[in-house]
Amino acid sequence: MPRIGTRFFVACLVVTLVGCRKQASVNFTHWAAKEQSGEAVTAAFSKLITAGNEVEMRARAAALPDSKGRPTTPITARTTFYPKQRGEARAIVGKSRESALAAVQEIISFNYTPVGLNQPPPYLSGLRLIGLSLIWDVEEAVSNQDYDKAIVGCGSATRLGFALMGGGAYEASLGASLINQARLKMVPYLGSLSASQLGKLGSALQKSSTNRPPMQVSVENERDNMLLSLQQAQDFFADNKLDRLLEKLGTSAKDQIDQLQSLESDQVKGKEIFDWIGNDISVRTEWYLKKVKNPRKVGVPPKLELRKQYRMLYRYFGSNIENLVPLLQSTYCRTQLFILECYLKQKQRQRKELPTTLETFSRSATLDPFTGEPFYYKAGDSSYMLYSAGEDGVDNGGATDTSFRYPDMLLEKPHA
């Protein structure tokens with residue numbers, strides 16, 4: 001009898017201890033940035049967001065069910081637009097384009113709100129369609145040799161793009177896309193512009209770039225966005241709601257969700273994984289912030305602690321900055337090269353002597369985002385070479401590839 005009682009006591013003690021271990025609360029790190037009490041939404045920003053939302057709402061209303069009654073995607077989600085779809089898109093954009101362009105004339109800062117694992121805000125789809133309508137204007141104007149209209153469209157698309165650069169990765173990617181598309185539509189026709197038109201284009205681009213945000217703004221915003229995503233994922237893990245996390249990340253993340261599922265009974269281990277990701281995001285972001293401020297003084301990037309089995313999970317939360325910074329640098333770089341090329345080509349068209357250095361331009365206009373130093377420039381009697389050191393930060397004498405990106409970065413040239 002005593003033996004049975006002893007066994008029963010030991011069994012109860014084991015169950016109790018195991019139960020305590022499972023129920024022991026883990027003090028998870030808080031990753032999401034504290035809400036700012038402060039910055040008021042400006043009227044210009046509100047007007048811009050309203051314009052984007054209006055376009056998206058009209059696009060959804062126009063997306064009628066198909067012949068079988070199934071819902072169709074709105075035109076704002078299209079990636080290819082034939083003449084018919086362009087007409088439909090322009091009708092949906094309507095006067096919202098004028099409102100958006102008026103807003104970006106006044107906008108000083110982008111009142112960014114992180115979205116974390118949630119879908120991008122709907123106004124971005126509307127602003128994308130507005131931006132595309134500007135790109136189409138440029139494309140159609142140059143094909144009709146209406147270069148004055150093309151210059152206006154290029155300047156407007158660039159201004160809208162730089163306004164969006166004040167957000168996070170979603171906004172900055174859209175902004176960069178609009179800026180780069182507008183430039184690529186104009187570059188092949190620089191040789192066809194008069195001296196006056198080259199001056200107008202350079203001036204339009206310069207004015208459109210006046211209030212562009214420093215690159216670190218997008219980097220800081222995206223850091224907050226990544227940390228909010230991590231916070232939301234950690235909350236799902238702590239609350240045993242990983243099915244909700246799978247809904248947010250999509251079925252492609254099932255293997256990574258299964259990894260987390262295996263740790264639900266060991267939340268201390270789970271906390272270690274989230275801390276590993278969060279600490280790396282914070283340290284890596286600080287390095288990239290230094291990189292965009294002082295490219296030559298930043299040193300080597302921090303190494304990611306080796307946890308091979310969780311590297312794929314890390315990519316869902318910690319890799320955005322690595323893709324964002326080169327996009328920002330190349331977009332800012334090519335815009336500056338574009339402006340300088342306009343003025344240099346204007347000199348050539350006027351048969352005036354080319355400047356021997358870039359000191360005739362403002363210092364801010366000539367700084368290479370990849371080095372923090374002036375672009376490389378060599379001038380002869382009637383020709384010149386202007387280029388950036390590119391992503392490796394090394395002067396390769398203007399040597400580049402067919403994309404005009406590696407190893408040195410140049411303004412794109414029309415292919416023969």
# chains A, B, ... in the order shown; residues from 1 in each chain; ligands from 1
>>> residues_around(residues="segment 395-405 of chain A", least_positions_apart="5", cutoff="9 Å", atoms="only C-alpha atoms", output="VMD selection string")
chain A and resid 330 376 385 to 390 410 to 413 415
>>> write_last_selection(atoms="C-alpha atoms", output="compact mmCIF listing (two decimals), in the first residue's frame")
# COMPACT_ATOMS: atom_id res chain seq x y z
CA SER A 330 20.13 53.55 -57.80
CA TYR A 376 33.03 61.04 -61.82
CA MET A 385 31.77 61.16 -69.55
CA LEU A 386 29.60 61.23 -66.43
CA TYR A 387 29.11 58.22 -64.19
CA SER A 388 28.66 56.81 -60.70
CA ALA A 389 30.95 54.35 -58.93
CA GLY A 390 27.94 52.04 -58.59
CA LEU A 410 25.63 55.39 -66.01
CA LEU A 411 22.48 57.02 -67.26
CA GLU A 412 20.90 54.52 -69.64
CA LYS A 413 21.72 55.02 -73.30
CA HIS A 415 20.82 50.69 -77.71
>>> residues_around(residues="segment 198-214 of chain A", least_positions_apart="4", cutoff="10 Å", atoms="only C-alpha atoms", output="PyMOL selection string")
chain A and resi 104-110+147-148+150-167+183+186+190-194+218-219+292-293+328+332+335-336+338-347+349+365
>>> write_last_selection(atoms="C-alpha atoms", output="short mmCIF file (atom, residue, chain, number, x, y, z; two decimals), in the first residue's frame")
data_model
loop_
_atom_site.label_atom_id
_atom_site.label_comp_id
_atom_site.auth_asym_id
_atom_site.auth_seq_id
_atom_site.Cartn_x
_atom_site.Cartn_y
_atom_site.Cartn_z
CA VAL A 104 2.39 66.40 -54.23
CA GLN A 105 3.11 70.02 -55.09
CA GLU A 106 2.45 70.84 -51.43
CA ILE A 107 3.44 67.68 -49.59
CA ILE A 108 6.43 67.96 -47.27
CA SER A 109 6.33 64.66 -45.40
CA PHE A 110 4.65 61.29 -45.83
CA TYR A 147 8.27 66.75 -76.30
CA ASP A 148 6.90 69.66 -74.27
CA ALA A 150 6.38 64.62 -72.41
CA ILE A 151 8.54 66.87 -70.22
CA VAL A 152 5.53 67.87 -68.11
CA GLY A 153 4.49 64.24 -67.68
CA CYS A 154 8.01 63.14 -66.78
CA GLY A 155 8.30 65.86 -64.15
CA SER A 156 4.90 65.01 -62.66
CA ALA A 157 5.64 61.26 -62.47
CA THR A 158 8.99 62.01 -60.82
CA ARG A 159 7.41 64.31 -58.25
CA LEU A 160 4.74 61.74 -57.38
CA GLY A 161 7.42 59.05 -57.12
CA PHE A 162 9.54 61.05 -54.70
CA ALA A 163 6.51 61.86 -52.55
CA LEU A 164 5.99 58.12 -52.12
CA MET A 165 9.64 57.63 -51.17
CA GLY A 166 8.73 58.96 -47.73
CA GLY A 167 6.92 55.73 -46.86
CA ARG A 183 13.14 58.39 -67.08
CA MET A 186 12.51 60.06 -71.99
CA LEU A 190 17.28 63.39 -75.32
CA GLY A 191 19.07 63.75 -78.64
CA SER A 192 15.85 65.02 -80.22
CA LEU A 193 15.23 67.78 -77.69
CA SER A 194 16.15 71.39 -78.40
CA SER A 218 12.36 54.94 -46.08
CA VAL A 219 14.88 52.74 -44.28
CA VAL A 292 23.09 55.77 -46.85
CA LYS A 293 24.48 58.66 -44.75
CA LEU A 328 16.84 53.79 -53.26
CA TYR A 332 18.38 58.68 -56.53
CA THR A 335 17.78 60.84 -61.26
CA GLN A 336 20.79 63.02 -60.45
CA PHE A 338 19.56 62.47 -65.61
CA ILE A 339 19.38 66.08 -64.41
CA LEU A 340 23.09 66.68 -65.00
CA GLU A 341 22.94 65.08 -68.45
CA CYS A 342 20.12 67.43 -69.45
CA TYR A 343 22.20 70.49 -68.61
CA LEU A 344 25.40 69.12 -70.16
CA LYS A 345 23.58 68.18 -73.36
CA GLN A 346 22.02 71.63 -73.38
CA LYS A 347 25.55 73.09 -73.43
CA ARG A 349 23.30 71.80 -78.25
CA ALA A 365 23.19 67.81 -57.18
#
>>> atom_distance(atom1="atom CA of Asn53 of chain A", atom2="atom CA of Ser67 of chain A")
27.7 Å
>>> residues_around(residues="segment 121-131 of chain A", least_positions_apart="5", cutoff="7 Å", atoms="only C-alpha atoms", output="list in words")
Ile49, Gly52, Asn53, Val55, Glu56, Thr76, Val93, Arg97, Ala157, Leu174 and Leu178 of chain A
>>> write_last_selection(atoms="N, CA and C atoms", output="mmCIF file, in the first residue's frame")
data_model
loop_
_atom_site.group_PDB
_atom_site.id
_atom_site.type_symbol
_atom_site.label_atom_id
_atom_site.label_comp_id
_atom_site.auth_asym_id
_atom_site.auth_seq_id
_atom_site.Cartn_x
_atom_site.Cartn_y
_atom_site.Cartn_z
ATOM 1 N N ILE A 49 -3.848 60.744 -50.256
ATOM 2 C CA ILE A 49 -4.416 59.447 -49.898
ATOM 3 C C ILE A 49 -5.859 59.345 -50.378
ATOM 4 N N GLY A 52 -5.930 58.502 -54.078
ATOM 5 C CA GLY A 52 -5.643 57.090 -54.329
ATOM 6 C C GLY A 52 -6.813 56.196 -53.959
ATOM 7 N N ASN A 53 -7.439 56.466 -52.817
ATOM 8 C CA ASN A 53 -8.582 55.654 -52.388
ATOM 9 C C ASN A 53 -9.766 55.798 -53.338
ATOM 10 N N VAL A 55 -9.713 56.349 -56.562
ATOM 11 C CA VAL A 55 -9.450 55.555 -57.770
ATOM 12 C C VAL A 55 -9.664 54.076 -57.486
ATOM 13 N N GLU A 56 -9.157 53.601 -56.355
ATOM 14 C CA GLU A 56 -9.313 52.189 -56.025
ATOM 15 C C GLU A 56 -10.785 51.823 -55.844
ATOM 16 N N THR A 76 -7.016 48.187 -61.293
ATOM 17 C CA THR A 76 -5.827 48.656 -60.575
ATOM 18 C C THR A 76 -4.839 47.521 -60.307
ATOM 19 N N VAL A 93 -9.389 56.884 -63.382
ATOM 20 C CA VAL A 93 -8.523 57.857 -62.715
ATOM 21 C C VAL A 93 -9.210 59.217 -62.644
ATOM 22 N N ARG A 97 -6.519 62.420 -60.547
ATOM 23 C CA ARG A 97 -5.129 62.674 -60.913
ATOM 24 C C ARG A 97 -4.761 64.124 -60.616
ATOM 25 N N ALA A 157 5.438 62.638 -62.933
ATOM 26 C CA ALA A 157 5.640 61.264 -62.468
ATOM 27 C C ALA A 157 6.794 61.200 -61.467
ATOM 28 N N LEU A 174 6.984 51.524 -55.235
ATOM 29 C CA LEU A 174 6.102 52.133 -56.224
ATOM 30 C C LEU A 174 6.685 53.449 -56.708
ATOM 31 N N LEU A 178 7.819 54.410 -60.663
ATOM 32 C CA LEU A 178 7.302 55.528 -61.459
ATOM 33 C C LEU A 178 8.442 56.428 -61.937
#
>>> residues_around(residues="Val325 of chain A", least_positions_apart="6", cutoff="10 Å", atoms="only C-alpha atoms", output="list in words")
Ala169, Met215, Gln216, Ser218, Val219, Tyr288, Leu289, Lys291, Val292 and Thr331 of chain A
>>> atom_distance(atom1="atom CA of Leu337 of chain A", atom2="atom CA of Phe375 of chain A")
8.5 Å
